[in-house]
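Asks: Would you mind keeping the following structure in view while I ask a few things?
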Amino acid sequence: MHSWINLNALWKIVVIGLLAGAGLPALFAVGLRALAPRTRKAVPGGAAQEELSGAGTVGGTEPSSGRPGLLSALMAVLCFAVVLAAMGWGIYSIVHNS
Amino acid sequence: MTGNSILIALVVTAALAFDFTNGFHDTGNAMATSIATGALPPRIAVAVSSILNLVGAFLSLSVAATIAGGLVQTHLVTLTVVFAGLAGGILWNLGTWYLGIPSSSSHALIGGIVGSTLAAAGGHAVQWHGLVSKVVLPAVLSPVIAGLVAAAGTLTVYRLMRGVPDDLRVRGFRIGQIGSASMVSLAHGTNDAQKTMGVITLALIANGSLGAHARAPLWVIVSCALAISLGTFAGGWRVIRTLGKGLVEIEAPQGMAAESASAAVILLSANFGYSLSTTHVATGSILGSGVGKTGAQVRWAVAGRMAAAWVLTLPAAGIVGALAFAATRVIGGTAGTSAVFVLLAACVTALYLASRRTAVTASNVNSEWAGSVTPATLSATTGAAL
């Protein structure tokens, strides 16, 4: 069986594939979520949360403020940075894969 | 021109023609989801993919004559064998494109060459173990793995996005989609352009123009990169439509999950030395993104038709390759190969003309799916859509 399937490669492709292929979009989602106006999920459709430049409280501790707080913004930047870095690694692996 | 240089010219022309079909057959793998969700306008999407395929083709230049290595006894491969194999690949690619079925270009090429080798030298010239372990098993496993990854990604993303306003979600994931689709295009350029480079190099080695372990010459690299890029730019709208609209009704977050899964699986497998079919991976991912979203409609009938085409690809392209080889023998020599070349060109033209009658273009690629690749406005069953 082992001469037909490289089981070692297979499980690595599945596990790392899940981490990168599913983990990165999830991380991207976390970043987007952090950017979302802070709102309780009861708001239907989130239609009322449009005015981003409204009375935003710096620090973002107000649950109903229209703009993401500093921590959330940092969180978002961090998430997007990791996603970009992973893409960079992907390109690197294309170039150096021989 | 001597007989041999005519033969080489025919092989190179056929190889570049195959590379072109490879490009437009596979545009959808990277861009179908972005086109379907409106993340990119259709023409822009194929232009971006085309440029990235071009860049990708130059990113890694490690391949020499590896396409047939481990699959057939390369010393038994002659120019006519390569030519007949390419004819099989081209015809299968165009036939499936006409039907809007995303089948694997790599399998079409491998099937064609294995078929013509069988016809030329018999069963002992084929390395069956290599064929199963390097081509058949990965083809069975890769769509399942990609589908699993995409389903997991889609499920997680939709959980995380609960309560996030729709406009932010759509805008954000459209950007993410473009990024992940670009990675797939880049990887496609690297993988698939190199397959044709490998075939031409193989032909040059078979002809004695290059040493046994030579690398692909620069003109081969440049012409293959251009052929696949132009093919991509032509846009295989029929296949794009099936992938973007036929299989699953797709939203931006699903699109990003699907393309990320494709990119991850293709790049990881390449790291372990597996040259997967981008098509199998991308299709598996798109299906997975449909399975992972609760309430999403997955058209299993369309998926089943595709799976049937996948199973048929190797043997069918092989049969065409074998027939093409037999046909070159009827007349024999360079004249025989030239005759088959003319026949091939006639078949290609006929398929193209047939496709014009039910054309799928950038303007109707996203029309509502009404049961077939032909947009409803053109087919008899109007009324279900638009």
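All residue names refer to the structure tokens as shown: chains lettered A, B, ... in order, residues numbered from 1 in each chain, ligands numbered from 1 in order.
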Would you mind listing, for every residue of chain B within 7 Å of chain A, the two atoms forming the shortest contact and the distance between them in Å to one decimal, using only C-alpha atoms, sorted by chain and ascending residue number, as a Markdown table?
Replies:
| residue | atom | partner | partner_atom | distance |
| --- | --- | --- | --- | --- |
| B:Leu59 | CA | A:Val95 | CA | 5.3 |
| B:Ser60 | CA | A:Val95 | CA | 5.0 |
| B:Ser62 | CA | A:Ser98 | CA | 5.3 |
| B:Ser133 | CA | A:Trp4 | CA | 4.9 |
| B:Ile145 | CA | A:Val14 | CA | 6.5 |
| B:Val149 | CA | A:Leu18 | CA | 5.2 |
| B:Ala150 | CA | A:Ala22 | CA | 6.3 |
| B:Ala152 | CA | A:Ala22 | CA | 6.0 |
| B:Gly153 | CA | A:Ala22 | CA | 3.8 |
| B:Thr156 | CA | A:Ala26 | CA | 6.1 |
| B:Val157 | CA | A:Ala26 | CA | 5.1 |
| B:Leu160 | CA | A:Ala29 | CA | 6.3 |
| B:Met161 | CA | A:Arg33 | CA | 6.5 |
| B:Gly163 | CA | A:Lys41 | CA | 4.8 |
| B:Val164 | CA | A:Ala36 | CA | 6.2 |
| B:Pro165 | CA | A:Gly46 | CA | 5.0 |
| B:Gly172 | CA | A:Leu32 | CA | 6.8 |
| B:Ala187 | CA | A:Ile94 | CA | 7.0 |
| B:Met256 | CA | A:Pro25 | CA | 6.8 |
| B:Ala257 | CA | A:Pro25 | CA | 5.9 |
| B:Ser260 | CA | A:Gly21 | CA | 4.9 |
| B:Ala261 | CA | A:Gly21 | CA | 4.0 |
| B:Ala264 | CA | A:Gly21 | CA | 5.1 |
| B:Val265 | CA | A:Gly17 | CA | 5.7 |
| B:Leu267 | CA | A:Gly90 | CA | 7.0 |
| B:Leu268 | CA | A:Ile13 | CA | 6.1 |
| B:Ser269 | CA | A:Ile13 | CA | 6.6 |
| B:Asn271 | CA | A:Asn97 | CA | 6.3 |
| B:Phe272 | CA | A:Ala9 | CA | 6.4 |
Asks: Please identify all polymer residues within 7 Å of stretch 98-105 of chain B, counting only C-alpha atoms, omitting same-chain residues fewer than 5 positions from it, and present them as a list in words.
Replies: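 With the cut-off at 7 Å, the set is Asn22, Asn93, Arg238, Val239, Thr242, Ser277, Thr279, His280, Met306, Ala309, Trp310, Ser355 and Val373 of chain B.
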Asks: So which residues touch B:Asn366 within 7 Å, counting only C-alpha atoms, skipping near sequence neighbours fewer than 4 positions away, as a count of residues only?
Replies: 3
Asks: Find the distance between atom CA of B:Ala317 and atom CA of B:Val82 and write it in Å to one decimal.
Replies: 13.0 Å
Asks: Rounded to one decimal, what separation in Å do you get between atom CA of B:Val199 and atom CA of B:Gly115?
Replies: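 Those two atoms sit 14.9 Å apart.
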Asks: State, in Å with one decimal place, the distance from atom CA of B:Asn53 to atom CA of B:Ile228.
Replies: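 According to the coordinates, atom CA of B:Asn53 and atom CA of B:Ile228 are separated by 7.1 Å.
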Asks: Nearest to B:Gly244: which of B:Arg299, B:Lys134, B:Arg215, B:Lys293 is it, counting only C-alpha atoms?
Replies: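 Closest to B:Gly244, using only C-alpha atoms: B:Arg299.
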